[in-house]
Amino acid sequence: MNPNQALWEKGDFTVIAATMRHSGDALVQSLGVTPPLRALDLGCGDGTTALPLAERGAEVLGIDIANNLVAAGNKRAAEAGLTNLKFQQGDACQLDGIENHSFDLSLSVFGAMFAPKPFEVAKELVRVTKPGGRIVMGNWIPNDPTSFVSKLLKISSAYTPPPPEGFISPMTWGINANVIERFTAAGIPSENISMEKDTFHFKTPIGNPQEFVEIFTRFYGPTMNAVEAAEKNGKKDQLLSEILELVKTENKSTEGTISIAATFLRVTVNT
């Protein structure tokens with residue numbers, strides 16, 4: 001199996017996604033979607049941004065590498081009665097069966113950044129987006145002191161074996177120069193690429209930081225891999241202690257719930 005597919009079919013990312021719904025809706029709201037509009041949500045998970053797009057009248061295709069998330073997305077769409085939303089399995093590096101210039105808007109929020117070939121991702125996003133359209137990405141920023149996910153992934157990586165030769169970290173999508181290099185290589189003038197910092201929030205009625213840590217250690221592929229590796233090395237307790245301390249530090253809620261802010265790089269490309 002494709003290693004990236006195996007990573008995201010591990011656990012159940014829908015549990016993580018449930019804590020991000022409010023921010024997904026807010027991001028889509030900020031896009032100013034005006035039907036008729038055909039949209040792609042690439043690396044869509046179970047529809048954190050795809051559903052809000054469809055609810056605002058867009059015709060939406062969600063593509064994800066993980067079959068379990070595609071099934072979950074189609075279930076959510078059916079339950080919501082959204083006949084203008086479809087999910088299917090696919091690879092962000094090679095969007096087989098998707099014709100050139102198919103979408104007015106191509107969106108990828110913490111999705112395509114995890115695909116292993118970033119230049120191919122940029123090339124495909126440009127290929128399937130109409131001239132005069134938009135590509136919008138949300139990417140985690142490496143070593144950002146205000147990003148919970150950046151810190152979580154950094155902690156996890158310290159406990160996992162070194163990546164294979166040629167591996168390109170998904171966090172490189174959070175560096176401005178890399179974004180420009182990848183999209184200009186795909187034919188986009190640099191002046192058509194803009195970037196700004198934005199914030200996603202993880203919100204849940206769970207008030208116990210320990211329970212929130214368990215969500216990530218049981219359902220989030222990268223953290224699950226770190227726990228498995230740490231367990232083999234006798235360092236599981238140390239890893240869990242670090243993650244718990246991170247959650248306690250980052251939680252800004254004073255109401256007995258969890259509310260954690262995570263800064264990300266918002267990329268807009270005019271095609």
# chains A, B, ... in the order shown; residues from 1 in each chain; ligands from 1

$ residues_around --residues "Ser108 (chain A)" --least-positions-apart "3" --cutoff "7 Å" --atoms "only C-alpha atoms" --output "count of residues only"
9

$ residues_around --residues "region 4-10 of chain A" --least-positions-apart "3" --cutoff "8 Å" --atoms "only C-alpha atoms" --output "PyMOL selection string"
chain A and resi 1+13+65-69+114-116+219-222

$ write_last_selection --atoms "N, CA, C and O atoms" --output "short mmCIF file (atom, residue, chain, number, x, y, z; two decimals), in the first residue's frame"
data_model
loop_
_atom_site.label_atom_id
_atom_site.label_comp_id
_atom_site.auth_asym_id
_atom_site.auth_seq_id
_atom_site.Cartn_x
_atom_site.Cartn_y
_atom_site.Cartn_z
N MET A 1 0.84 -1.20 0.00
CA MET A 1 0.00 0.00 0.00
C MET A 1 0.87 1.25 0.00
O MET A 1 1.95 1.27 0.60
N PHE A 13 -9.25 9.42 11.62
CA PHE A 13 -9.05 10.87 11.64
C PHE A 13 -10.36 11.64 11.81
O PHE A 13 -10.35 12.82 12.18
N ILE A 65 -6.75 10.38 -0.04
CA ILE A 65 -5.98 9.15 -0.24
C ILE A 65 -6.54 7.99 0.57
O ILE A 65 -6.35 6.84 0.22
N ALA A 66 -7.26 8.31 1.66
CA ALA A 66 -7.73 7.29 2.60
C ALA A 66 -9.16 6.85 2.29
O ALA A 66 -10.09 7.66 2.34
N ASN A 67 -9.33 5.57 2.01
CA ASN A 67 -10.65 5.06 1.66
C ASN A 67 -11.65 5.19 2.81
O ASN A 67 -12.83 5.44 2.58
N ASN A 68 -11.19 5.02 4.05
CA ASN A 68 -12.11 5.12 5.19
C ASN A 68 -12.64 6.54 5.35
O ASN A 68 -13.80 6.75 5.72
N LEU A 69 -11.82 7.54 5.03
CA LEU A 69 -12.28 8.93 5.13
C LEU A 69 -13.22 9.28 3.99
O LEU A 69 -14.17 10.05 4.16
N PHE A 114 0.62 16.75 2.85
CA PHE A 114 1.20 15.48 3.31
C PHE A 114 1.54 14.53 2.17
O PHE A 114 2.11 13.47 2.41
N ALA A 115 1.19 14.87 0.94
CA ALA A 115 1.54 14.02 -0.20
C ALA A 115 3.06 14.07 -0.41
O ALA A 115 3.70 15.09 -0.17
N PRO A 116 3.66 12.98 -0.87
CA PRO A 116 5.12 12.87 -0.87
C PRO A 116 5.86 13.66 -1.95
O PRO A 116 7.08 13.83 -1.85
N PHE A 219 -6.05 8.00 17.43
CA PHE A 219 -6.71 8.22 16.14
C PHE A 219 -5.91 9.01 15.10
O PHE A 219 -6.31 9.06 13.94
N TYR A 220 -4.80 9.66 15.49
CA TYR A 220 -4.03 10.49 14.56
C TYR A 220 -2.78 9.73 14.11
O TYR A 220 -1.88 9.46 14.92
N GLY A 221 -2.75 9.35 12.82
CA GLY A 221 -1.70 8.48 12.30
C GLY A 221 -0.28 8.84 12.72
O GLY A 221 0.46 7.98 13.24
N PRO A 222 0.19 10.09 12.51
CA PRO A 222 1.56 10.43 12.88
C PRO A 222 1.86 10.22 14.36
O PRO A 222 2.94 9.74 14.73
#

$ select_by_dssp --residues "region 76-234 of chain A" --states "helix (DSSP H, G or I)" --output "number ranges by chain"
A: 76-80, 112-114, 118-128, 148-157, 170-174, 176-185, 190-192, 209-219, 221-232

$ closest_residue --among "A:Glu214, A:Glu181, A:Glu59, A:Asp198" --to "Ala122 (chain A)" --atoms "only C-alpha atoms"
A:Glu181

$ closest_residue --among "A:Leu82, A:Ile168, A:Leu53, A:Glu250" --to "Ser147 (chain A)" --atoms "only C-alpha atoms"
A:Glu250

$ residues_around --residues "His101 (chain A)" --least-positions-apart "2" --cutoff "6 Å" --atoms "only C-alpha atoms" --output "number ranges by chain"
A: 103, 128-130

$ closest_atom_pairs --of "region 87-200 of chain A" --to "region 256-260 of chain A" --cutoff "10 Å" --atoms "only C-alpha atoms" --output "tab-separated table"
residue	atom	partner	partner_atom	distance
A:Ser147	CA	A:Ile260	CA	9.2
A:Phe148	CA	A:Ile260	CA	7.2
A:Val149	CA	A:Ile260	CA	9.8
A:Thr199	CA	A:Ile260	CA	10.0
A:Phe200	CA	A:Ile260	CA	8.4

$ write_last_selection --atoms "N, CA, C and O atoms" --output "PDB file, in the first residue's frame"
ATOM      1  N   SER A 147       1.913  27.358  16.843  1.00  0.00           N
ATOM      2  CA  SER A 147       1.185  26.279  16.173  1.00  0.00           C
ATOM      3  C   SER A 147       1.233  25.004  16.993  1.00  0.00           C
ATOM      4  O   SER A 147       2.281  24.367  17.122  1.00  0.00           O
ATOM      5  N   PHE A 148       0.099  24.611  17.531  1.00  0.00           N
ATOM      6  CA  PHE A 148      -0.009  23.373  18.300  1.00  0.00           C
ATOM      7  C   PHE A 148       0.415  22.170  17.457  1.00  0.00           C
ATOM      8  O   PHE A 148       1.168  21.304  17.922  1.00  0.00           O
ATOM      9  N   VAL A 149      -0.062  22.094  16.216  1.00  0.00           N
ATOM     10  CA  VAL A 149       0.223  20.923  15.385  1.00  0.00           C
ATOM     11  C   VAL A 149       1.707  20.851  15.037  1.00  0.00           C
ATOM     12  O   VAL A 149       2.300  19.766  15.040  1.00  0.00           O
ATOM     13  N   THR A 199      -5.423  31.121  11.586  1.00  0.00           N
ATOM     14  CA  THR A 199      -5.509  30.265  12.771  1.00  0.00           C
ATOM     15  C   THR A 199      -6.674  29.298  12.681  1.00  0.00           C
ATOM     16  O   THR A 199      -7.782  29.683  12.313  1.00  0.00           O
ATOM     17  N   PHE A 200      -6.404  28.043  12.966  1.00  0.00           N
ATOM     18  CA  PHE A 200      -7.429  27.025  13.153  1.00  0.00           C
ATOM     19  C   PHE A 200      -7.553  26.761  14.648  1.00  0.00           C
ATOM     20  O   PHE A 200      -6.595  26.950  15.392  1.00  0.00           O
TER      21      PHE A 200
END
